[in-house]
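Read the structure below first, then the notes.
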There are 2 protein chains.
Amino acid sequence: MKAEIIAVGTELLLGQIVNSNAQFLSVELAALGIDVYFQTVVGDNSSRLQQAIEIAKTRADLILFTGGIGPTEDDLTKDALAASLGRGLYLDPVAMSHVERFFSERGVSMTENNRKQALVIDDSTPLHNESGLAVGVALKDQNTYYVVLPGPPREMKPMFANKAKPWLLQHALTEEMPLYSKMLKFAGIGESLLEDKLINLIHGQNDPTLAPYAKEGEVTVRISTKAPSQNEAMAKLDALQEKIRNILPEHLYADTDVPLEQVLVEWMANAGITVSCAESCTGGMLMESLTSIPGSSSVFQGGIVCYSNEMKMKLLNVPQNYLEGEEAPGAVSREVAQALAEQVRTIVDSDFGLSVTGVAGPGHSERKPVGLVYIGIAERNGRTDVFELRLRGDRQNIRVNSVKAILYRLWRRLVERG
Amino acid sequence: MKAEIIAVGTELLLGQIVNSNAQFLSVELAALGIDVYFQTVVGDNSSRLQQAIEIAKTRADLILFTGGIGPTEDDLTKDALAASLGRGLYLDPVAMSHVERFFSERGVSMTENNRKQALVIDDSTPLHNESGLAVGVALKDQNTYYVVLPGPPREMKPMFANKAKPWLLQHALTEEMPLYSKMLKFAGIGESLLEDKLINLIHGQNDPTLAPYAKEGEVTVRISTKAPSQNEAMAKLDALQEKIRNILPEHLYADTDVPLEQVLVEWMANAGITVSCAESCTGGMLMESLTSIPGSSSVFQGGIVCYSNEMKMKLLNVPQNYLEGEEAPGAVSREVAQALAEQVRTIVDSDFGLSVTGVAGPGHSERKPVGLVYIGIAERNGRTDVFELRLRGDRQNIRVNSVKAILYRLWRRLVERG
């Protein structure tokens, strides 16, 4: 099945927003085994929108629209599609009472243009909006399937997942077996090295399929298979997952789409383990990452950002002769990473103490190169490990990758500990 | 002038990457006074690419391509465009020697397919690539202008700015006066309130034009005018900027595209002012934001993340009776925000001490609602201000907006201080 995604909105053509809806829908359609051949963006203009529909009709079996179904005069998607199909529009009673309830609950009087949000096309299936007011539409016309979704991602995504996708599975994809997928998440390995290690599987493997999946700063592989039942699918996916784990035993940390900091916080919360941090070049980014996870307060009590040498001495008791003098190892050194991890652990009285010290750039420091970073992990009644990193990229890349590196090393330490 | 942007690449249709190139080019073209009517995405497929070109020819005066000009068999953009125009391709000698030099400098032997990256279309202007190997192309054919750019943003952006834009100004936009713009940056005000305040200017103002500009988490207005010289343009833009400043005197913080934390760090660095932070619910995000700016080490020496009550007492000397007991104001209170700001300032011995304490959710805490946040600013030999915030959104929104709020309040304090 060939699909086209038409995103409607002048704000996209002005570059005010990026077309993240097309990306989301492309990923979802690929997972359903549907090939997206074109993505089109058109403004809030009736004739150009109808022109785009006519072109899409000639080359797609499924046309997905996103945007242009709100209450304003500029919202034209349903009108244009109805006109192109020679159909009428009517007020869907369920959607209309949803709109009315929204206004009456807020004690606000509804303006007339809001009725428009409850319009659906004749002989279509209304897709009700759980997160907003505008109703979506799904229909079939002369062997082409049409789905109309809202523009705001927080409305579009749940409507696709909960309304449009089940409709597609029931009406458009009946002859195909459902597709099941797992997202495998990796840490401590770069994308190109991962592809290298898995290249034979990627090329030799037809069912399940295996695709590296680029997501900002993450290394992810999606494995997918079509099967008549979830049990059969999972048996195939689990077998492939084991093959992959055997190739990369030290890097596969999850088989659902969760960040590593979430795995760590949940693991430590369950095991009753606490952690504290002393950060220099990352300036708080490591603690920000841990505390981004709900429930982190049972794991993380506090920590210290010691950006200057003075603060390393004053707040974390780093010996002066580590930092000052010709023979001193300096702030960016194994010795200081070790002292920071051990001291913050002692001060906070946590099970683990983590530290990061390095040169994030743009300029070098202590005659040490940009990208040289030391990370430390100290453990109560245990050893302290220090790792040297040589990172590339700009200040932001170096800081982000320092945080990823220490999260990875903490995960390995927890695995080893059992 | 009507333009269409055609992004070429199967990775876009699979949703592996978002089409940020289309956004970048749309913004750039809008700034040149060119209207983008369509954005199209097509895969690495010769016949569908040619089909997209034929459609674009019928509806655009300027067609910009991005992607599909690398060395592999899948890179088809220049071939497809040449075929569609009935023209040939030849090796550009400058681009060819650039490719050869690249390989010889690295001591790597060049494979034959890399010659492809030096191909240009007959009777076109080669756009040489400063950041990569593939040469771009600009040409005019039957009143339509064509520009071919690489796909990787780090190559595409400089080629557009330094090669394609000057070519367009010289060949396609000769009859138009150049467009000059300024980005005005605002803090401490939401986007919809800003639009409300400026609505008369937005609608009444034709030259310069004024457009609110959505950028993640930022409130920005772009003012633009066409003028024969930069001096004339700047006189008009400066006058409008003053009008806007008079409407929003407490919110306009910059007239170039810089984040508020950069303005703050540079201001404090010049004035010899130092700052420290005590963070609870933001967990390090405030310090991360300040230290993201190069040169922040002369302003920020260190700070403390005190996530638990115990750490507020132990590391920041918050009195126990603020935190524990029936009558205690609790961790999320004016009293604790004040104590945190004053204590961290004293401990680090900085000119300012900043604090954040609040309920980021998802659950409430101390029977206080999600979104209640107190921020404090203490000053050496000066007063301590505490502000109560009532923020909406999820955990991440509340944390980000807490950081924005305290950066804004610090900026106001520096303005007031002079």
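Letters A, B, ... go to the chains of the structure tokens in the order shown; residues in each chain start at 1; ligands are counted from 1 in the same order.
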task = Return as a ChimeraX atom specification the residues belonging to chain A that are within 8 Å of chain B, counting only C-alpha atoms.
result = /A:12-20,22-27,30,36-43,213-215,282-288,291-292,294,297,300-308,310-311,348,361-362,395-396
task = Within 10 Å of Ala211 in chain A, counting only C-alpha atoms, which residues show up once you throw out same-chain ones fewer than 3 positions away? Write them as JSON, numbers by chain, please.
result = {"A": [183, 195, 198, 201, 202, 203, 208, 214, 220, 221, 222, 223, 224]}
Can you superpose chain A onto chain B by least squares over all C-alpha atoms paired in order and give the moved copy as a compact mmCIF listing (two decimals) with C-alpha atoms, in the first residue's frame?
# COMPACT_ATOMS: atom_id res chain seq x y z
CA MET A 1 8.13 34.95 -6.74
CA LYS A 2 6.62 31.50 -5.97
CA ALA A 3 8.90 28.76 -4.68
CA GLU A 4 8.72 25.03 -4.05
CA ILE A 5 11.09 23.09 -1.80
CA ILE A 6 11.76 19.48 -2.78
CA ALA A 7 13.49 17.42 -0.09
CA VAL A 8 14.88 14.18 -1.44
CA GLY A 9 15.47 11.15 0.79
CA THR A 10 13.83 7.87 1.71
CA GLU A 11 14.82 8.44 5.35
CA LEU A 12 12.31 11.32 5.42
CA LEU A 13 9.53 9.10 4.06
CA LEU A 14 10.29 6.45 6.68
CA GLY A 15 10.08 9.12 9.39
CA GLN A 16 13.66 8.45 10.46
CA ILE A 17 14.35 12.17 10.39
CA VAL A 18 12.13 15.24 10.50
CA ASN A 19 12.22 17.65 7.57
CA SER A 20 14.00 20.47 9.38
CA ASN A 21 15.64 21.54 6.10
CA ALA A 22 12.26 22.56 4.69
CA GLN A 23 11.62 24.65 7.78
CA PHE A 24 15.03 26.33 7.57
CA LEU A 25 14.67 27.12 3.87
CA SER A 26 11.08 28.34 4.30
CA VAL A 27 12.19 30.83 6.91
CA GLU A 28 15.09 31.99 4.73
CA LEU A 29 12.94 32.36 1.62
CA ALA A 30 10.24 34.24 3.54
CA ALA A 31 12.94 36.64 4.70
CA LEU A 32 13.89 37.22 1.06
CA GLY A 33 10.27 38.03 0.23
CA ILE A 34 9.78 34.75 -1.68
CA ASP A 35 6.49 32.88 -1.16
CA VAL A 36 6.84 29.14 -0.61
CA TYR A 37 3.67 27.54 -2.01
CA PHE A 38 4.57 23.86 -1.70
CA GLN A 39 7.02 21.63 0.15
CA THR A 40 7.44 18.15 -1.32
CA VAL A 41 9.27 15.12 0.02
CA VAL A 42 10.18 12.32 -2.37
CA GLY A 43 12.33 9.23 -1.89
CA ASP A 44 15.58 8.19 -3.57
CA ASN A 45 13.75 6.99 -6.67
CA SER A 46 14.51 8.36 -10.10
CA SER A 47 11.08 8.25 -11.72
CA ARG A 48 9.22 9.64 -8.72
CA LEU A 49 11.82 12.38 -8.35
CA GLN A 50 11.45 13.36 -12.04
CA GLN A 51 7.67 13.30 -11.60
CA ALA A 52 8.01 15.71 -8.67
CA ILE A 53 10.22 18.01 -10.77
CA GLU A 54 7.68 18.07 -13.63
CA ILE A 55 4.90 19.03 -11.22
CA ALA A 56 7.00 21.72 -9.53
CA LYS A 57 7.88 23.25 -12.92
CA THR A 58 4.20 23.95 -13.56
CA ARG A 59 3.68 25.84 -10.33
CA ALA A 60 6.93 27.45 -9.15
CA ASP A 61 9.35 30.14 -10.35
CA LEU A 62 12.06 28.84 -8.02
CA ILE A 63 12.64 25.18 -7.13
CA LEU A 64 15.02 24.39 -4.28
CA PHE A 65 16.24 20.83 -3.81
CA THR A 66 17.89 19.51 -0.70
CA GLY A 67 19.40 16.03 -0.44
CA GLY A 68 20.41 13.29 -2.83
CA ILE A 69 23.77 14.71 -3.98
CA GLY A 70 26.13 12.38 -2.09
CA PRO A 71 28.37 9.63 -3.52
CA THR A 72 26.04 6.60 -3.43
CA GLU A 73 23.88 5.07 -6.15
CA ASP A 74 20.84 6.35 -4.27
CA ASP A 75 21.93 9.95 -4.78
CA LEU A 76 19.96 10.97 -7.84
CA THR A 77 18.98 14.61 -7.56
CA LYS A 78 21.44 16.16 -10.02
CA ASP A 79 20.93 13.34 -12.56
CA ALA A 80 17.15 13.67 -12.37
CA LEU A 81 17.21 17.45 -12.72
CA ALA A 82 19.69 17.32 -15.63
CA ALA A 83 17.49 14.74 -17.39
CA SER A 84 14.38 16.84 -16.80
CA LEU A 85 16.11 19.90 -18.31
CA GLY A 86 17.65 17.93 -21.17
CA ARG A 87 21.15 18.93 -20.06
CA GLY A 88 24.35 17.03 -19.39
CA LEU A 89 26.61 16.80 -16.34
CA TYR A 90 30.34 17.41 -16.10
CA LEU A 91 33.02 17.24 -13.40
CA ASP A 92 33.65 20.66 -11.90
CA PRO A 93 37.45 20.93 -11.55
CA VAL A 94 37.36 22.99 -8.35
CA ALA A 95 34.95 20.59 -6.66
CA MET A 96 36.94 17.59 -7.93
CA SER A 97 40.21 18.86 -6.50
CA HIS A 98 38.38 19.57 -3.21
CA VAL A 99 37.23 15.93 -3.07
CA GLU A 100 40.70 14.63 -3.99
CA ARG A 101 42.39 16.83 -1.41
CA PHE A 102 39.98 15.58 1.26
CA PHE A 103 41.05 11.97 0.70
CA SER A 104 44.76 12.61 0.19
CA GLU A 105 44.96 14.72 3.37
CA ARG A 106 43.54 11.79 5.30
CA GLY A 107 45.81 9.30 3.56
CA VAL A 108 42.76 7.38 2.35
CA SER A 109 42.40 6.26 -1.24
CA MET A 110 39.37 7.78 -2.93
CA THR A 111 36.80 5.32 -4.28
CA GLU A 112 35.46 5.96 -7.78
CA ASN A 113 31.91 6.83 -6.65
CA ASN A 114 33.21 9.92 -4.86
CA ARG A 115 33.85 11.61 -8.22
CA LYS A 116 30.09 11.87 -8.47
CA GLN A 117 30.07 14.48 -5.72
CA ALA A 118 31.93 16.90 -8.01
CA LEU A 119 29.37 16.69 -10.84
CA VAL A 120 27.52 19.84 -11.90
CA ILE A 121 24.87 20.47 -14.54
CA ASP A 122 25.83 22.10 -17.87
CA ASP A 123 25.58 25.90 -17.88
CA SER A 124 25.07 26.16 -14.15
CA THR A 125 26.86 27.93 -11.31
CA PRO A 126 28.62 25.45 -9.00
CA LEU A 127 27.92 26.11 -5.31
CA HIS A 128 31.04 24.93 -3.53
CA ASN A 129 30.66 23.04 -0.28
CA GLU A 130 32.53 24.48 2.71
CA SER A 131 31.45 21.79 5.12
CA GLY A 132 31.39 18.64 3.01
CA LEU A 133 32.26 17.18 -0.37
CA ALA A 134 29.20 17.36 -2.62
CA VAL A 135 29.00 20.45 -4.80
CA GLY A 136 25.66 22.23 -5.20
CA VAL A 137 24.20 23.85 -8.31
CA ALA A 138 22.28 27.02 -9.23
CA LEU A 139 20.86 27.70 -12.68
CA LYS A 140 18.09 29.34 -14.66
CA ASP A 141 16.14 27.46 -17.33
CA GLN A 142 13.17 28.94 -19.19
CA ASN A 143 12.30 31.53 -16.54
CA THR A 144 12.52 28.99 -13.72
CA TYR A 145 15.35 29.13 -11.17
CA TYR A 146 16.79 25.92 -9.74
CA VAL A 147 19.02 25.52 -6.69
CA VAL A 148 20.38 22.15 -5.56
CA LEU A 149 21.70 21.87 -1.99
CA PRO A 150 23.04 18.96 0.11
CA GLY A 151 20.87 17.10 2.64
CA PRO A 152 22.93 17.23 5.85
CA PRO A 153 21.93 20.46 7.63
CA ARG A 154 25.52 21.30 8.60
CA GLU A 155 26.38 21.39 4.87
CA MET A 156 23.11 22.75 3.57
CA LYS A 157 22.82 25.78 5.86
CA PRO A 158 26.23 27.37 5.10
CA MET A 159 25.86 26.59 1.39
CA PHE A 160 22.49 28.34 1.36
CA ALA A 161 23.70 31.35 3.35
CA ASN A 162 27.06 31.84 1.64
CA LYS A 163 26.47 30.59 -1.91
CA ALA A 164 22.82 30.13 -2.86
CA LYS A 165 21.43 33.28 -1.24
CA PRO A 166 23.96 35.63 -2.87
CA TRP A 167 23.28 33.88 -6.21
CA LEU A 168 19.52 34.36 -5.76
CA LEU A 169 19.98 38.01 -4.83
CA GLN A 170 22.13 38.58 -7.88
CA HIS A 171 20.16 36.56 -10.44
CA ALA A 172 16.60 35.99 -9.32
CA LEU A 173 15.81 38.93 -7.08
CA THR A 174 17.53 41.75 -8.97
CA GLU A 175 14.41 43.83 -9.31
CA GLU A 176 13.63 43.64 -5.66
CA MET A 177 15.26 45.70 -2.97
CA PRO A 178 17.14 43.68 -0.40
CA LEU A 179 15.28 42.70 2.73
CA TYR A 180 16.71 43.56 6.13
CA SER A 181 15.50 41.97 9.37
CA LYS A 182 16.02 42.03 13.09
CA MET A 183 15.02 39.38 15.57
CA LEU A 184 13.62 40.84 18.79
CA LYS A 185 13.76 38.52 21.77
CA PHE A 186 11.39 38.63 24.72
CA ALA A 187 11.37 37.05 28.17
CA GLY A 188 8.90 36.96 31.03
CA ILE A 189 5.88 37.08 28.71
CA GLY A 190 3.91 34.37 26.95
CA GLU A 191 3.40 34.27 23.21
CA SER A 192 -0.33 34.95 23.27
CA LEU A 193 -0.03 37.90 25.66
CA LEU A 194 2.75 39.32 23.46
CA GLU A 195 0.53 39.05 20.38
CA ASP A 196 -2.30 40.70 22.30
CA LYS A 197 -0.10 43.64 23.28
CA LEU A 198 1.27 44.05 19.75
CA ILE A 199 -1.92 43.29 17.83
CA ASN A 200 -2.42 46.87 16.62
CA LEU A 201 1.15 47.05 15.39
CA ILE A 202 0.92 43.63 13.72
CA HIS A 203 -2.19 44.58 11.78
CA GLY A 204 -1.50 48.28 11.21
CA GLN A 205 2.10 47.92 10.18
CA ASN A 206 3.06 47.30 6.55
CA ASP A 207 6.61 48.57 6.41
CA PRO A 208 8.51 47.36 8.32
CA THR A 209 6.49 44.19 8.70
CA LEU A 210 6.26 42.57 12.10
CA ALA A 211 5.73 38.86 12.64
CA PRO A 212 5.69 36.84 15.84
CA TYR A 213 7.99 33.95 15.32
CA ALA A 214 7.43 30.65 17.07
CA LYS A 215 10.59 28.93 18.23
CA GLU A 216 10.66 26.23 20.84
CA GLY A 217 10.12 27.77 24.25
CA GLU A 218 11.03 31.25 23.05
CA VAL A 219 9.08 34.37 22.27
CA THR A 220 10.49 36.16 19.28
CA VAL A 221 9.34 38.84 16.84
CA ARG A 222 10.92 39.38 13.44
CA ILE A 223 10.78 42.89 11.99
CA SER A 224 11.70 43.26 8.31
CA THR A 225 11.86 45.94 5.68
CA LYS A 226 13.06 46.33 2.11
CA ALA A 227 15.32 49.29 1.49
CA PRO A 228 17.99 50.37 -0.97
CA SER A 229 20.65 50.55 1.74
CA GLN A 230 21.35 49.07 5.12
CA ASN A 231 21.34 52.52 6.73
CA GLU A 232 17.84 53.30 5.50
CA ALA A 233 16.62 49.88 6.56
CA MET A 234 18.12 50.15 10.03
CA ALA A 235 16.61 53.59 10.58
CA LYS A 236 13.15 52.15 9.90
CA LEU A 237 13.77 48.99 11.96
CA ASP A 238 15.19 50.92 14.91
CA ALA A 239 12.16 53.20 14.98
CA LEU A 240 9.77 50.24 15.08
CA GLN A 241 11.92 48.54 17.71
CA GLU A 242 11.56 51.62 19.90
CA LYS A 243 7.76 51.54 19.52
CA ILE A 244 7.76 47.90 20.57
CA ARG A 245 10.10 48.58 23.48
CA ASN A 246 7.74 51.29 24.69
CA ILE A 247 4.84 48.83 24.68
CA LEU A 248 6.84 46.06 26.39
CA PRO A 249 9.69 47.83 28.19
CA GLU A 250 10.22 45.04 30.72
CA HIS A 251 10.37 42.16 28.26
CA LEU A 252 12.48 43.03 25.20
CA TYR A 253 15.94 41.75 26.12
CA ALA A 254 17.81 41.57 22.79
CA ASP A 255 17.61 42.56 19.13
CA THR A 256 19.65 39.62 17.85
CA ASP A 257 18.87 35.93 18.07
CA VAL A 258 20.57 35.08 21.38
CA PRO A 259 19.21 33.14 24.35
CA LEU A 260 18.65 35.01 27.60
CA GLU A 261 21.32 32.95 29.41
CA GLN A 262 23.90 34.24 26.93
CA VAL A 263 22.88 37.87 27.55
CA LEU A 264 23.14 37.25 31.29
CA VAL A 265 26.51 35.48 31.19
CA GLU A 266 28.03 38.17 28.93
CA TRP A 267 26.60 40.99 31.03
CA MET A 268 27.90 39.51 34.27
CA ALA A 269 31.29 38.66 32.74
CA ASN A 270 31.73 42.27 31.60
CA ALA A 271 30.59 43.66 34.94
CA GLY A 272 32.65 41.21 37.01
CA ILE A 273 29.55 39.77 38.68
CA THR A 274 29.47 36.16 39.93
CA VAL A 275 26.51 33.90 40.57
CA SER A 276 25.75 30.57 42.26
CA CYS A 277 22.67 28.35 42.36
CA ALA A 278 20.77 26.05 44.70
CA GLU A 279 18.30 23.90 42.82
CA SER A 280 15.63 21.55 44.06
CA CYS A 281 12.90 20.67 41.54
CA THR A 282 14.94 21.78 38.51
CA GLY A 283 17.65 19.29 39.52
CA GLY A 284 20.57 21.09 37.82
CA MET A 285 18.79 22.50 34.77
CA LEU A 286 19.45 26.13 35.76
CA MET A 287 23.19 25.53 36.15
CA GLU A 288 23.24 23.46 32.96
CA SER A 289 21.68 26.41 31.14
CA LEU A 290 24.21 28.96 32.46
CA THR A 291 27.20 26.68 31.77
CA SER A 292 25.99 25.98 28.22
CA ILE A 293 27.41 29.42 27.35
CA PRO A 294 31.14 29.54 26.53
CA GLY A 295 32.93 31.78 28.99
CA SER A 296 30.51 31.07 31.82
CA SER A 297 33.40 29.98 34.03
CA SER A 298 34.25 33.61 34.85
CA VAL A 299 30.69 34.14 36.12
CA PHE A 300 29.61 30.81 37.59
CA GLN A 301 31.85 28.93 40.01
CA GLY A 302 29.52 26.29 41.35
CA GLY A 303 26.30 25.35 43.05
CA ILE A 304 24.30 22.65 44.75
CA VAL A 305 21.40 20.42 43.79
CA CYS A 306 19.49 19.73 47.01
CA TYR A 307 16.77 17.36 45.95
CA SER A 308 15.93 15.95 49.39
CA ASN A 309 15.09 17.80 52.60
CA GLU A 310 18.12 16.20 54.20
CA MET A 311 20.42 17.77 51.60
CA LYS A 312 18.71 21.15 52.00
CA MET A 313 19.67 21.00 55.67
CA LYS A 314 23.08 19.35 55.32
CA LEU A 315 24.49 21.15 52.29
CA LEU A 316 22.63 24.47 52.54
CA ASN A 317 21.94 24.89 56.24
CA VAL A 318 18.18 25.29 55.81
CA PRO A 319 16.79 25.30 59.38
CA GLN A 320 15.10 22.00 60.28
CA ASN A 321 11.97 23.80 61.54
CA TYR A 322 11.42 25.19 57.99
CA LEU A 323 11.11 21.64 56.68
CA GLU A 324 9.78 19.36 59.43
CA GLY A 325 6.77 19.58 61.71
CA GLU A 326 3.10 20.50 61.44
CA GLU A 327 3.74 24.24 61.40
CA ALA A 328 6.71 24.16 59.04
CA PRO A 329 6.33 26.10 55.78
CA GLY A 330 7.85 23.06 54.00
CA ALA A 331 10.40 22.64 51.21
CA VAL A 332 8.18 24.38 48.66
CA SER A 333 7.83 27.77 50.35
CA ARG A 334 8.97 31.37 50.27
CA GLU A 335 11.03 30.77 53.39
CA VAL A 336 13.01 27.90 51.91
CA ALA A 337 13.54 29.66 48.56
CA GLN A 338 14.96 32.61 50.47
CA ALA A 339 17.20 30.45 52.66
CA LEU A 340 18.52 28.48 49.67
CA ALA A 341 19.40 31.62 47.69
CA GLU A 342 21.10 33.30 50.65
CA GLN A 343 22.96 30.20 51.80
CA VAL A 344 24.34 29.20 48.42
CA ARG A 345 25.49 32.77 47.84
CA THR A 346 27.30 32.75 51.19
CA ILE A 347 28.83 29.27 50.71
CA VAL A 348 30.15 30.00 47.21
CA ASP A 349 30.86 33.64 48.12
CA SER A 350 29.30 34.95 44.90
CA ASP A 351 27.57 38.26 44.19
CA PHE A 352 24.19 36.66 43.48
CA GLY A 353 22.63 33.45 44.76
CA LEU A 354 19.72 31.91 42.85
CA SER A 355 17.30 29.26 44.10
CA VAL A 356 14.44 27.15 42.75
CA THR A 357 12.14 24.94 44.81
CA GLY A 358 8.79 23.61 43.66
CA VAL A 359 6.48 20.76 42.73
CA ALA A 360 7.31 19.55 39.22
CA GLY A 361 4.94 16.59 39.40
CA PRO A 362 3.57 14.23 38.22
CA GLY A 363 2.39 13.75 41.84
CA HIS A 364 1.86 16.60 44.31
CA SER A 365 4.15 16.93 47.31
CA GLU A 366 3.58 18.26 50.84
CA ARG A 367 -0.09 18.57 49.81
CA LYS A 368 0.99 21.41 47.50
CA PRO A 369 -0.22 21.52 43.91
CA VAL A 370 1.85 20.52 40.88
CA GLY A 371 3.24 23.69 39.30
CA LEU A 372 3.72 25.68 42.51
CA VAL A 373 7.32 26.92 42.40
CA TYR A 374 9.27 29.52 44.42
CA ILE A 375 12.36 31.18 43.01
CA GLY A 376 14.77 33.35 45.00
CA ILE A 377 17.48 35.90 44.18
CA ALA A 378 19.87 36.95 46.93
CA GLU A 379 22.51 39.64 46.48
CA ARG A 380 25.68 40.42 48.41
CA ASN A 381 24.91 43.38 50.67
CA GLY A 382 21.48 43.59 49.08
CA ARG A 383 17.95 42.33 49.43
CA THR A 384 16.59 38.86 48.64
CA ASP A 385 13.57 38.66 46.32
CA VAL A 386 11.30 35.61 46.24
CA PHE A 387 8.71 35.07 43.52
CA GLU A 388 5.85 32.60 43.55
CA LEU A 389 5.08 30.88 40.23
CA ARG A 390 1.98 28.90 39.29
CA LEU A 391 3.03 26.94 36.23
CA ARG A 392 1.08 24.58 33.99
CA GLY A 393 2.09 21.59 31.92
CA ASP A 394 3.99 18.40 32.55
CA ARG A 395 7.11 17.81 34.62
CA GLN A 396 9.40 18.94 31.81
CA ASN A 397 7.39 22.13 31.05
CA ILE A 398 7.35 23.10 34.73
CA ARG A 399 11.09 22.61 35.09
CA VAL A 400 11.91 24.51 31.88
CA ASN A 401 9.59 27.39 32.74
CA SER A 402 11.00 27.62 36.27
CA VAL A 403 14.46 28.09 34.77
CA LYS A 404 13.17 30.67 32.29
CA ALA A 405 11.45 32.55 35.11
CA ILE A 406 14.53 32.86 37.28
CA LEU A 407 16.72 33.87 34.32
CA TYR A 408 14.14 36.56 33.54
CA ARG A 409 14.09 37.80 37.15
CA LEU A 410 17.88 37.90 37.26
CA TRP A 411 17.88 39.96 34.06
CA ARG A 412 15.38 42.43 35.56
CA ARG A 413 17.55 42.68 38.66
CA LEU A 414 20.63 43.43 36.55
CA VAL A 415 18.72 46.06 34.55
CA GLU A 416 17.49 47.68 37.74
CA ARG A 417 21.03 47.64 39.17
CA GLY A 418 22.25 49.34 36.00
message = Quick check for you: according to DSSP on this backbone, which residues of range 120-268 of chain A are classed as alpha helix (DSSP H)? Reply as a PyMOL selection string.
response = chain A and resi 153-159+165-171+191-204+230-247+260-268
inquiry  = Can you tell me, as number ranges by chain, which residues in range 34-131 of chain B count as strand (DSSP E or B) by DSSP?
reply    = B: 35-42, 62-66, 89-91, 119-121, 125-127
